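Structure record follows, encoded as structure tokens.
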Amino acid sequence: MEAIDFATPKTIDEAVQIMASNGDRARMLAGGTDLIVQLRAGRRSLDVVVDSKGIPELNELSYSAQNGLTIGAAVPCYKIYQNQEVASAYPGLIDSATLIGGIQIQGRASIGGNLCNAAPSGDSIPGVITMGGVAHIVGPNGSRDVPAEEFCTGPGRNVLQAGEILVSIKIPAPQAHSGTNYLRFIPRNEMDIAVAGVGTTVVLDPSGQNFVSARISLASVAPTPVFAKEAGDSLAGKPVSEASIQEASEKAMADAKPINDMRGTVRQRVHLVGVLTRRTLNNAVERARGG
Ligand SMILES: Cc1cc2nc3c(=O)[nH]c(=O)nc-3n(C[C@H](O)[C@H](O)[C@H](O)COP(=O)(O)OP(=O)(O)OC[C@H]3O[C@@H](n4cnc5c(N)ncnc54)[C@H](O)[C@@H]3O)c2cc1C
């Protein structure tokens with residue numbers, strides 16, 4: 001047993017000050033579904049756990065068609081998918097929020113915690129990347145915004161510097177004729193880590209027959225979530241067709257650099273990226289067409 005202090009700051013400044021003065025002996029706590037598991041397993045040792053729940057900005061969930069979506073770092077998944085306005089504007093985000101763990105986990109687990117935990121398999125991260133999500137960070141030297149695709153730097157590692165905390169994730173309002181989808185492959189229906197996952201966002205022209213732009217991101221096939229930029233860019237200006245989608249899926253497969261482990265082989269994972277890219281692109285197109 002180790003004694004750990006539990007700090008309950010009420011402001012961002014207070015949290016930053018506690019984090020800065022304890023260095024890597026302190027961690028923020030959102031839902032705790034990663035952090036507490038890691039502490040109990042002895043994979044992490046801390047002096048202070050810093051609770052997020054008393055800080056208003058970390059618990060904000062707001063959406064407007066002008067400003068888009070702000071998800072405070074500690075907002076649990078269930079609050080996101082139970083918010084009708086958010087659920088209808090961001091069905092691609094709901095794909096992930098309803099996938100993470102099960103109902104009990106979703107009662108605590110946050111998108112912010114998923115991002116900060118920086119697992120290659122984090123199910124919400126590809127969708128946040130493809131929707132143009134930005135991490136709003138505050139630390140001892142002020143605030144900064146980091147695009148979601150630059151946030152994770154290695155397995156369990158991210159761009160946060162000493163004393164910095166994630167305040168919120170901001171996602172722009174969806175463009176007209178756009179759609180997002182996230183799918184993963186796991187050997188059973190829930191409570192497992194993705195063997196591979198793919199998120200895609202597409203923007204179509206008003207006819208719904210041509211891609212204006214697309215973004216594709218992959219989970220569980222590299223040390224960090226992957227932003228498959230070339231694969232998405234290859235669709236810009238192309239007709240929505242089997243050929244253009246096939247070409248993008250081949251480029252996404254080329255960006256997958258997985259390992260063999262107990263969940264899957266390199267070959268299986270690369271193959272899955274192709275299948276899931278094609279499926280998510282078709283699903284995102286259907287959503288963009290109003291389906
Ligand atoms: C049974 C079970 C099933 C799971 N299934 C899935 C799954 O299907 N898919 C999936 O992706 N994950 C899954 N997970 C992992 C976990 O639930 C998710 O990663 C979840 O989103 C983490 O969110 P949290 O709020 O609980 O984070 P926490 O555990 O509170 O925090 C996670 C990490 O982020 C840091 N952190 C939190 N908030 C901040 C902040 N504001 N600033 C800086 N750092 C911060 C913490 O210090 C910690 O290092 C599962 C976990 C369990 C126990």
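Following the order of the structure tokens, first chain is A, next is B, and so on, with residues numbered from 1 inside each chain and ligands from 1 in the order they appear.
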Check which residues fall inside 7 Å of ligand 1 when counting only C-alpha atoms and all ligand atoms, and print them as a PDB file with N, CA and C atoms, in the first residue's frame.
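Writing the result to out08.pdb gives the following:
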ATOM      1  N   ARG A  27      -0.551  13.290 -11.171  1.00  0.00           N
ATOM      2  CA  ARG A  27      -1.307  13.100 -12.433  1.00  0.00           C
ATOM      3  C   ARG A  27      -2.722  13.590 -12.219  1.00  0.00           C
ATOM      4  N   MET A  28      -3.280  14.125 -13.312  1.00  0.00           N
ATOM      5  CA  MET A  28      -4.697  14.498 -13.286  1.00  0.00           C
ATOM      6  C   MET A  28      -5.542  13.226 -13.303  1.00  0.00           C
ATOM      7  N   LEU A  29      -6.688  13.311 -12.655  1.00  0.00           N
ATOM      8  CA  LEU A  29      -7.664  12.203 -12.670  1.00  0.00           C
ATOM      9  C   LEU A  29      -8.935  12.710 -13.346  1.00  0.00           C
ATOM     10  N   ALA A  30      -9.338  12.031 -14.423  1.00  0.00           N
ATOM     11  CA  ALA A  30     -10.636  12.341 -15.043  1.00  0.00           C
ATOM     12  C   ALA A  30     -11.600  11.257 -14.551  1.00  0.00           C
ATOM     13  N   GLY A  31     -11.833  10.224 -15.372  1.00  0.00           N
ATOM     14  CA  GLY A  31     -12.705   9.129 -14.908  1.00  0.00           C
ATOM     15  C   GLY A  31     -11.951   8.064 -14.122  1.00  0.00           C
ATOM     16  N   GLY A  32     -10.642   8.020 -14.290  1.00  0.00           N
ATOM     17  CA  GLY A  32      -9.821   7.054 -13.560  1.00  0.00           C
ATOM     18  C   GLY A  32      -9.815   5.652 -14.144  1.00  0.00           C
ATOM     19  N   THR A  33     -10.455   5.444 -15.299  1.00  0.00           N
ATOM     20  CA  THR A  33     -10.561   4.074 -15.825  1.00  0.00           C
ATOM     21  C   THR A  33      -9.244   3.578 -16.425  1.00  0.00           C
ATOM     22  N   ASP A  34      -8.326   4.492 -16.698  1.00  0.00           N
ATOM     23  CA  ASP A  34      -6.949   4.094 -17.005  1.00  0.00           C
ATOM     24  C   ASP A  34      -6.072   4.302 -15.770  1.00  0.00           C
ATOM     25  N   LEU A  35      -6.145   5.491 -15.186  1.00  0.00           N
ATOM     26  CA  LEU A  35      -5.188   5.855 -14.133  1.00  0.00           C
ATOM     27  C   LEU A  35      -5.292   4.933 -12.919  1.00  0.00           C
ATOM     28  N   ILE A  36      -6.498   4.670 -12.463  1.00  0.00           N
ATOM     29  CA  ILE A  36      -6.639   3.858 -11.246  1.00  0.00           C
ATOM     30  C   ILE A  36      -6.217   2.410 -11.520  1.00  0.00           C
ATOM     31  N   VAL A  37      -6.539   1.931 -12.714  1.00  0.00           N
ATOM     32  CA  VAL A  37      -6.119   0.570 -13.087  1.00  0.00           C
ATOM     33  C   VAL A  37      -4.585   0.494 -13.069  1.00  0.00           C
ATOM     34  N   SER A  52     -10.215  16.243 -11.402  1.00  0.00           N
ATOM     35  CA  SER A  52     -10.660  17.231 -12.405  1.00  0.00           C
ATOM     36  C   SER A  52     -12.089  17.693 -12.174  1.00  0.00           C
ATOM     37  N   LEU A  58     -13.098  22.014 -17.129  1.00  0.00           N
ATOM     38  CA  LEU A  58     -12.798  20.618 -17.486  1.00  0.00           C
ATOM     39  C   LEU A  58     -14.074  19.775 -17.553  1.00  0.00           C
ATOM     40  N   ALA A  73     -12.044  18.227 -20.549  1.00  0.00           N
ATOM     41  CA  ALA A  73     -11.197  17.027 -20.481  1.00  0.00           C
ATOM     42  C   ALA A  73     -11.773  15.935 -19.593  1.00  0.00           C
ATOM     43  N   ALA A  74     -12.665  16.296 -18.675  1.00  0.00           N
ATOM     44  CA  ALA A  74     -13.181  15.288 -17.733  1.00  0.00           C
ATOM     45  C   ALA A  74     -14.610  14.849 -18.037  1.00  0.00           C
ATOM     46  N   PRO A  76     -17.488  12.714 -19.087  1.00  0.00           N
ATOM     47  CA  PRO A  76     -17.580  11.282 -19.400  1.00  0.00           C
ATOM     48  C   PRO A  76     -18.374  11.014 -20.683  1.00  0.00           C
ATOM     49  N   LEU A  99     -18.446   2.985 -27.775  1.00  0.00           N
ATOM     50  CA  LEU A  99     -17.622   1.768 -27.924  1.00  0.00           C
ATOM     51  C   LEU A  99     -16.705   1.551 -26.726  1.00  0.00           C
ATOM     52  N   ILE A 100     -16.303   2.642 -26.087  1.00  0.00           N
ATOM     53  CA  ILE A 100     -15.266   2.549 -25.045  1.00  0.00           C
ATOM     54  C   ILE A 100     -15.785   1.730 -23.871  1.00  0.00           C
ATOM     55  N   GLY A 101     -15.133   0.601 -23.588  1.00  0.00           N
ATOM     56  CA  GLY A 101     -15.530  -0.257 -22.463  1.00  0.00           C
ATOM     57  C   GLY A 101     -16.964  -0.723 -22.619  1.00  0.00           C
ATOM     58  N   GLY A 102     -17.742  -0.524 -21.560  1.00  0.00           N
ATOM     59  CA  GLY A 102     -19.173  -0.839 -21.577  1.00  0.00           C
ATOM     60  C   GLY A 102     -19.877   0.290 -20.842  1.00  0.00           C
ATOM     61  N   ILE A 105     -18.110   1.682 -17.710  1.00  0.00           N
ATOM     62  CA  ILE A 105     -16.898   2.444 -18.046  1.00  0.00           C
ATOM     63  C   ILE A 105     -17.295   3.796 -18.642  1.00  0.00           C
ATOM     64  N   ARG A 108     -17.811   6.879 -16.533  1.00  0.00           N
ATOM     65  CA  ARG A 108     -16.658   7.595 -15.974  1.00  0.00           C
ATOM     66  C   ARG A 108     -15.682   8.058 -17.062  1.00  0.00           C
ATOM     67  N   ALA A 109     -15.429   7.182 -18.043  1.00  0.00           N
ATOM     68  CA  ALA A 109     -14.338   7.413 -19.011  1.00  0.00           C
ATOM     69  C   ALA A 109     -14.588   8.655 -19.857  1.00  0.00           C
ATOM     70  N   SER A 110     -13.539   9.443 -20.025  1.00  0.00           N
ATOM     71  CA  SER A 110     -13.649  10.677 -20.812  1.00  0.00           C
ATOM     72  C   SER A 110     -12.852  10.570 -22.115  1.00  0.00           C
ATOM     73  N   ILE A 111     -13.204  11.436 -23.063  1.00  0.00           N
ATOM     74  CA  ILE A 111     -12.425  11.534 -24.306  1.00  0.00           C
ATOM     75  C   ILE A 111     -11.061  12.160 -23.971  1.00  0.00           C
ATOM     76  N   GLY A 112     -11.065  13.116 -23.036  1.00  0.00           N
ATOM     77  CA  GLY A 112      -9.806  13.747 -22.620  1.00  0.00           C
ATOM     78  C   GLY A 112      -8.842  12.720 -22.038  1.00  0.00           C
ATOM     79  N   GLY A 113      -9.349  11.833 -21.184  1.00  0.00           N
ATOM     80  CA  GLY A 113      -8.505  10.796 -20.585  1.00  0.00           C
ATOM     81  C   GLY A 113      -8.012   9.822 -21.641  1.00  0.00           C
ATOM     82  N   ASN A 114      -8.874   9.511 -22.595  1.00  0.00           N
ATOM     83  CA  ASN A 114      -8.497   8.606 -23.700  1.00  0.00           C
ATOM     84  C   ASN A 114      -7.323   9.207 -24.479  1.00  0.00           C
ATOM     85  N   LEU A 115      -7.423  10.516 -24.759  1.00  0.00           N
ATOM     86  CA  LEU A 115      -6.360  11.189 -25.513  1.00  0.00           C
ATOM     87  C   LEU A 115      -5.073  11.268 -24.682  1.00  0.00           C
ATOM     88  N   CYS A 116      -5.197  11.705 -23.403  1.00  0.00           N
ATOM     89  CA  CYS A 116      -3.986  11.869 -22.565  1.00  0.00           C
ATOM     90  C   CYS A 116      -3.320  10.529 -22.284  1.00  0.00           C
ATOM     91  N   ASN A 117      -4.092   9.465 -22.187  1.00  0.00           N
ATOM     92  CA  ASN A 117      -3.504   8.141 -21.939  1.00  0.00           C
ATOM     93  C   ASN A 117      -2.658   7.685 -23.131  1.00  0.00           C
ATOM     94  N   SER A 121      -4.317   2.326 -29.246  1.00  0.00           N
ATOM     95  CA  SER A 121      -5.651   1.764 -29.487  1.00  0.00           C
ATOM     96  C   SER A 121      -6.781   2.667 -28.999  1.00  0.00           C
ATOM     97  N   GLY A 122      -6.474   3.871 -28.521  1.00  0.00           N
ATOM     98  CA  GLY A 122      -7.524   4.754 -27.983  1.00  0.00           C
ATOM     99  C   GLY A 122      -8.636   4.943 -29.010  1.00  0.00           C
ATOM    100  N   ASP A 123      -9.836   4.489 -28.684  1.00  0.00           N
ATOM    101  CA  ASP A 123     -10.894   4.440 -29.703  1.00  0.00           C
ATOM    102  C   ASP A 123     -11.443   5.807 -30.097  1.00  0.00           C
ATOM    103  N   SER A 124     -11.293   6.815 -29.216  1.00  0.00           N
ATOM    104  CA  SER A 124     -11.873   8.112 -29.594  1.00  0.00           C
ATOM    105  C   SER A 124     -10.892   8.946 -30.414  1.00  0.00           C
ATOM    106  N   GLU A 164       1.617  21.057 -17.205  1.00  0.00           N
ATOM    107  CA  GLU A 164       0.534  21.343 -18.154  1.00  0.00           C
ATOM    108  C   GLU A 164      -0.629  20.368 -17.976  1.00  0.00           C
ATOM    109  N   ILE A 165      -1.833  20.895 -18.168  1.00  0.00           N
ATOM    110  CA  ILE A 165      -3.009  20.017 -18.152  1.00  0.00           C
ATOM    111  C   ILE A 165      -3.825  20.231 -19.427  1.00  0.00           C
ATOM    112  N   LEU A 166      -4.537  19.194 -19.808  1.00  0.00           N
ATOM    113  CA  LEU A 166      -5.493  19.320 -20.911  1.00  0.00           C
ATOM    114  C   LEU A 166      -6.763  19.916 -20.323  1.00  0.00           C
ATOM    115  N   VAL A 167      -7.206  21.029 -20.883  1.00  0.00           N
ATOM    116  CA  VAL A 167      -8.444  21.658 -20.390  1.00  0.00           C
ATOM    117  C   VAL A 167      -9.637  21.135 -21.180  1.00  0.00           C
ATOM    118  N   GLU A 190     -17.182  -6.304 -26.891  1.00  0.00           N
ATOM    119  CA  GLU A 190     -16.802  -5.178 -26.050  1.00  0.00           C
ATOM    120  C   GLU A 190     -15.740  -5.596 -25.045  1.00  0.00           C
ATOM    121  N   MET A 191     -15.264  -4.586 -24.260  1.00  0.00           N
ATOM    122  CA  MET A 191     -14.266  -4.824 -23.220  1.00  0.00           C
ATOM    123  C   MET A 191     -12.988  -5.439 -23.764  1.00  0.00           C
ATOM    124  N   ASP A 192     -12.557  -4.952 -24.924  1.00  0.00           N
ATOM    125  CA  ASP A 192     -11.289  -5.427 -25.454  1.00  0.00           C
ATOM    126  C   ASP A 192     -10.606  -4.283 -26.194  1.00  0.00           C
ATOM    127  N   ILE A 193      -9.338  -4.491 -26.494  1.00  0.00           N
ATOM    128  CA  ILE A 193      -8.564  -3.457 -27.183  1.00  0.00           C
ATOM    129  C   ILE A 193      -8.619  -3.727 -28.678  1.00  0.00           C
TER     130      ILE A 193
END
Within 9 Å of Thr70 in chain A, counting only C-alpha atoms, which residues qualify if same-chain residues fewer than 3 places away don't, as a VMD selection string? chain A and resid 60 to 63 67 168 to 172
The selected residues should be written to file as an mmCIF file, in the first residue's frame (atoms: N, CA and C atoms).
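part-v2.cif written:
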data_model
loop_
_atom_site.group_PDB
_atom_site.id
_atom_site.type_symbol
_atom_site.label_atom_id
_atom_site.label_comp_id
_atom_site.auth_asym_id
_atom_site.auth_seq_id
_atom_site.Cartn_x
_atom_site.Cartn_y
_atom_site.Cartn_z
ATOM 1 N N GLU A 60 -16.975 21.229 -18.939
ATOM 2 C CA GLU A 60 -17.861 21.915 -19.884
ATOM 3 C C GLU A 60 -18.178 20.992 -21.074
ATOM 4 N N LEU A 61 -19.434 20.999 -21.485
ATOM 5 C CA LEU A 61 -19.809 20.338 -22.753
ATOM 6 C C LEU A 61 -20.716 21.317 -23.460
ATOM 7 N N SER A 62 -20.235 21.956 -24.519
ATOM 8 C CA SER A 62 -21.071 22.954 -25.182
ATOM 9 C C SER A 62 -20.908 22.849 -26.690
ATOM 10 N N TYR A 63 -21.987 23.161 -27.381
ATOM 11 C CA TYR A 63 -21.966 23.095 -28.847
ATOM 12 C C TYR A 63 -22.734 24.272 -29.428
ATOM 13 N N ASN A 67 -19.420 27.980 -33.183
ATOM 14 C CA ASN A 67 -18.139 27.690 -32.496
ATOM 15 C C ASN A 67 -17.788 26.216 -32.443
ATOM 16 N N SER A 168 -9.511 21.125 -22.502
ATOM 17 C CA SER A 168 -10.651 20.688 -23.320
ATOM 18 C C SER A 168 -10.183 20.277 -24.701
ATOM 19 N N ILE A 169 -11.092 19.625 -25.395
ATOM 20 C CA ILE A 169 -10.874 19.300 -26.806
ATOM 21 C C ILE A 169 -11.912 20.098 -27.577
ATOM 22 N N LYS A 170 -11.443 20.827 -28.570
ATOM 23 C CA LYS A 170 -12.374 21.624 -29.383
ATOM 24 C C LYS A 170 -12.465 21.004 -30.774
ATOM 25 N N ILE A 171 -13.694 20.798 -31.221
ATOM 26 C CA ILE A 171 -13.918 20.206 -32.551
ATOM 27 C C ILE A 171 -14.767 21.196 -33.357
ATOM 28 N N PRO A 172 -14.292 21.574 -34.556
ATOM 29 C CA PRO A 172 -15.056 22.547 -35.348
ATOM 30 C C PRO A 172 -16.460 22.027 -35.665
#
Could you produce a table of the residues of range 70-176 of chain A lying within 6 Å of range 5-23 of chain A, with the nearest pair of atoms per residue and their separation in Å rounded to one decimal, using only C-alpha atoms, ordered by chain and increasing residue number, as a tab-separated table?
residue	atom	partner	partner_atom	distance
A:Gly139	CA	A:Val16	CA	5.8
A:Ala162	CA	A:Gly23	CA	5.9
A:Gly163	CA	A:Ala20	CA	3.8
Point-to-point distance from CA of Gly290 in chain A to CA of Asp95 in chain A, Å rounded to tenths: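 Separation of CA of Gly290 in chain A and CA of Asp95 in chain A: 16.5 Å.
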Considering only C-alpha atoms, give me a table of residues in range 159-182 of chain A that are at most 12 Å from range 274-277 of chain A, with the closest atom pair and distance in Å for each, as JSON lines.
{"residue": "A:Thr180", "atom": "CA", "partner": "A:Thr277", "partner_atom": "CA", "distance": 11.7}
{"residue": "A:Asn181", "atom": "CA", "partner": "A:Thr277", "partner_atom": "CA", "distance": 9.7}
{"residue": "A:Tyr182", "atom": "CA", "partner": "A:Leu276", "partner_atom": "CA", "distance": 8.6}
If you keep C-alpha atoms, can you produce a file of those selected residues as a tab-separated table (two decimals), in the first residue's frame?
chain	number	residue	atom	x	y	z
A	180	THR	CA	-17.65	10.84	-40.00
A	181	ASN	CA	-17.47	7.18	-38.99
A	182	TYR	CA	-15.26	5.10	-36.69
Select from range 214-241 of chain A every residue with an atom at most 12 Å from any atom of range 260-263 of chain A, then for each give the shortest pair of atoms and their distance in Å to one decimal, using only C-alpha atoms, rows by chain and rising number, as a Markdown table.
| residue | atom | partner | partner_atom | distance |
| --- | --- | --- | --- | --- |
| A:Ser220 | CA | A:Arg263 | CA | 10.2 |
| A:Val221 | CA | A:Asn260 | CA | 9.8 |
| A:Ala222 | CA | A:Asn260 | CA | 11.0 |
Could you turn the residues from that selection into a file that holds N, CA and C atoms, as a PDB file, in the first residue's frame?
ATOM      1  N   SER A 220      -4.255   1.423 -33.328  1.00  0.00           N
ATOM      2  CA  SER A 220      -3.699   0.101 -33.013  1.00  0.00           C
ATOM      3  C   SER A 220      -2.767  -0.469 -34.078  1.00  0.00           C
ATOM      4  N   VAL A 221      -2.253   0.378 -34.950  1.00  0.00           N
ATOM      5  CA  VAL A 221      -1.372  -0.149 -35.992  1.00  0.00           C
ATOM      6  C   VAL A 221      -0.029   0.581 -36.045  1.00  0.00           C
ATOM      7  N   ALA A 222       0.331   1.260 -34.964  1.00  0.00           N
ATOM      8  CA  ALA A 222       1.609   1.974 -34.877  1.00  0.00           C
ATOM      9  C   ALA A 222       1.794   2.377 -33.412  1.00  0.00           C
TER      10      ALA A 222
END
Could you name the residues that touch Lys238 in chain A at 7 Å or less, counting only C-alpha atoms, but leaving out those on the same chain fewer than 2 positions away, as a ChimeraX atom specification? /A:210-211,235-236,240,244
Calculated over only C-alpha atoms, which of the candidates A:Val138, A:Glu85, A:Ile4, A:Val198 has the smallest distance to Pro120 in chain A? A:Val198
Between A:Ser249, A:Gln175, A:Thr224, A:Asn141, which has the minimum distance to Val202 in chain A (counting only C-alpha atoms)? A:Gln175
Would you compute the distance between CA of Asp47 in chain A and CA of Glu150 in chain A? Give it in Å to one decimal.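 Result for CA of Asp47 in chain A versus CA of Glu150 in chain A: 28.8 Å, one decimal.
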Interatomic distance, CA of Gly142 in chain A to CA of Asp51 in chain A (Å, one decimal):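 Between these atoms lies a distance of 20.5 Å.
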Given the choices A:Gln106, A:Ser96, A:Ser234, A:Gln209, which gets closest to Val75 in chain A if the distance is worked out from only C-alpha atoms?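 Going through A:Gln106, A:Ser96, A:Ser234, A:Gln209 one by one, the smallest distance to Val75 in chain A is for A:Gln106.
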Can you pull out every residue from range 155-252 of chain A that DSSP, working from the backbone, puts in helix (DSSP H, G or I), and format the result as a PyMOL selection string? chain A and resi 229-233+242-252
Dump as a PDB file, in the first residue's frame, selection limited to N, CA, C and O atoms:
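The new file again_19.pdb reads:
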ATOM      1  N   LYS A 229      -2.567  11.058 -43.760  1.00  0.00           N
ATOM      2  CA  LYS A 229      -2.889  12.286 -44.515  1.00  0.00           C
ATOM      3  C   LYS A 229      -2.975  12.034 -46.023  1.00  0.00           C
ATOM      4  O   LYS A 229      -3.907  12.455 -46.691  1.00  0.00           O
ATOM      5  N   GLU A 230      -1.968  11.304 -46.532  1.00  0.00           N
ATOM      6  CA  GLU A 230      -1.934  11.080 -47.980  1.00  0.00           C
ATOM      7  C   GLU A 230      -3.164  10.296 -48.447  1.00  0.00           C
ATOM      8  O   GLU A 230      -3.724  10.575 -49.505  1.00  0.00           O
ATOM      9  N   ALA A 231      -3.586   9.342 -47.616  1.00  0.00           N
ATOM     10  CA  ALA A 231      -4.758   8.527 -47.986  1.00  0.00           C
ATOM     11  C   ALA A 231      -5.997   9.413 -48.095  1.00  0.00           C
ATOM     12  O   ALA A 231      -6.765   9.315 -49.064  1.00  0.00           O
ATOM     13  N   GLY A 232      -6.184  10.302 -47.116  1.00  0.00           N
ATOM     14  CA  GLY A 232      -7.341  11.214 -47.157  1.00  0.00           C
ATOM     15  C   GLY A 232      -7.234  12.181 -48.321  1.00  0.00           C
ATOM     16  O   GLY A 232      -8.186  12.366 -49.090  1.00  0.00           O
ATOM     17  N   ASP A 233      -6.041  12.782 -48.473  1.00  0.00           N
ATOM     18  CA  ASP A 233      -5.857  13.780 -49.541  1.00  0.00           C
ATOM     19  C   ASP A 233      -6.082  13.177 -50.926  1.00  0.00           C
ATOM     20  O   ASP A 233      -6.461  13.881 -51.862  1.00  0.00           O
ATOM     21  N   GLU A 242     -15.973   3.149 -56.158  1.00  0.00           N
ATOM     22  CA  GLU A 242     -15.214   2.022 -55.589  1.00  0.00           C
ATOM     23  C   GLU A 242     -13.717   2.205 -55.825  1.00  0.00           C
ATOM     24  O   GLU A 242     -12.896   1.909 -54.962  1.00  0.00           O
ATOM     25  N   ALA A 243     -13.386   2.731 -57.016  1.00  0.00           N
ATOM     26  CA  ALA A 243     -11.961   2.874 -57.369  1.00  0.00           C
ATOM     27  C   ALA A 243     -11.273   3.894 -56.471  1.00  0.00           C
ATOM     28  O   ALA A 243     -10.164   3.651 -55.974  1.00  0.00           O
ATOM     29  N   SER A 244     -11.912   5.061 -56.259  1.00  0.00           N
ATOM     30  CA  SER A 244     -11.243   6.086 -55.442  1.00  0.00           C
ATOM     31  C   SER A 244     -11.139   5.618 -53.994  1.00  0.00           C
ATOM     32  O   SER A 244     -10.120   5.851 -53.325  1.00  0.00           O
ATOM     33  N   ILE A 245     -12.158   4.926 -53.507  1.00  0.00           N
ATOM     34  CA  ILE A 245     -12.129   4.432 -52.128  1.00  0.00           C
ATOM     35  C   ILE A 245     -11.089   3.327 -51.976  1.00  0.00           C
ATOM     36  O   ILE A 245     -10.351   3.269 -50.995  1.00  0.00           O
ATOM     37  N   GLN A 246     -10.987   2.482 -52.990  1.00  0.00           N
ATOM     38  CA  GLN A 246      -9.973   1.419 -52.964  1.00  0.00           C
ATOM     39  C   GLN A 246      -8.558   2.021 -52.925  1.00  0.00           C
ATOM     40  O   GLN A 246      -7.710   1.590 -52.141  1.00  0.00           O
ATOM     41  N   GLU A 247      -8.338   3.054 -53.736  1.00  0.00           N
ATOM     42  CA  GLU A 247      -7.014   3.688 -53.780  1.00  0.00           C
ATOM     43  C   GLU A 247      -6.673   4.282 -52.405  1.00  0.00           C
ATOM     44  O   GLU A 247      -5.561   4.119 -51.892  1.00  0.00           O
ATOM     45  N   ALA A 248      -7.655   4.962 -51.783  1.00  0.00           N
ATOM     46  CA  ALA A 248      -7.401   5.553 -50.460  1.00  0.00           C
ATOM     47  C   ALA A 248      -7.109   4.452 -49.437  1.00  0.00           C
ATOM     48  O   ALA A 248      -6.234   4.606 -48.572  1.00  0.00           O
ATOM     49  N   SER A 249      -7.827   3.337 -49.542  1.00  0.00           N
ATOM     50  CA  SER A 249      -7.618   2.269 -48.546  1.00  0.00           C
ATOM     51  C   SER A 249      -6.223   1.661 -48.703  1.00  0.00           C
ATOM     52  O   SER A 249      -5.591   1.288 -47.721  1.00  0.00           O
ATOM     53  N   GLU A 250      -5.730   1.607 -49.938  1.00  0.00           N
ATOM     54  CA  GLU A 250      -4.366   1.078 -50.143  1.00  0.00           C
ATOM     55  C   GLU A 250      -3.321   2.026 -49.556  1.00  0.00           C
ATOM     56  O   GLU A 250      -2.327   1.590 -48.960  1.00  0.00           O
ATOM     57  N   LYS A 251      -3.575   3.327 -49.686  1.00  0.00           N
ATOM     58  CA  LYS A 251      -2.638   4.302 -49.093  1.00  0.00           C
ATOM     59  C   LYS A 251      -2.687   4.224 -47.568  1.00  0.00           C
ATOM     60  O   LYS A 251      -1.662   4.356 -46.895  1.00  0.00           O
ATOM     61  N   ALA A 252      -3.876   4.018 -47.020  1.00  0.00           N
ATOM     62  CA  ALA A 252      -3.986   3.886 -45.557  1.00  0.00           C
ATOM     63  C   ALA A 252      -3.231   2.639 -45.085  1.00  0.00           C
ATOM     64  O   ALA A 252      -2.534   2.664 -44.059  1.00  0.00           O
TER      65      ALA A 252
END
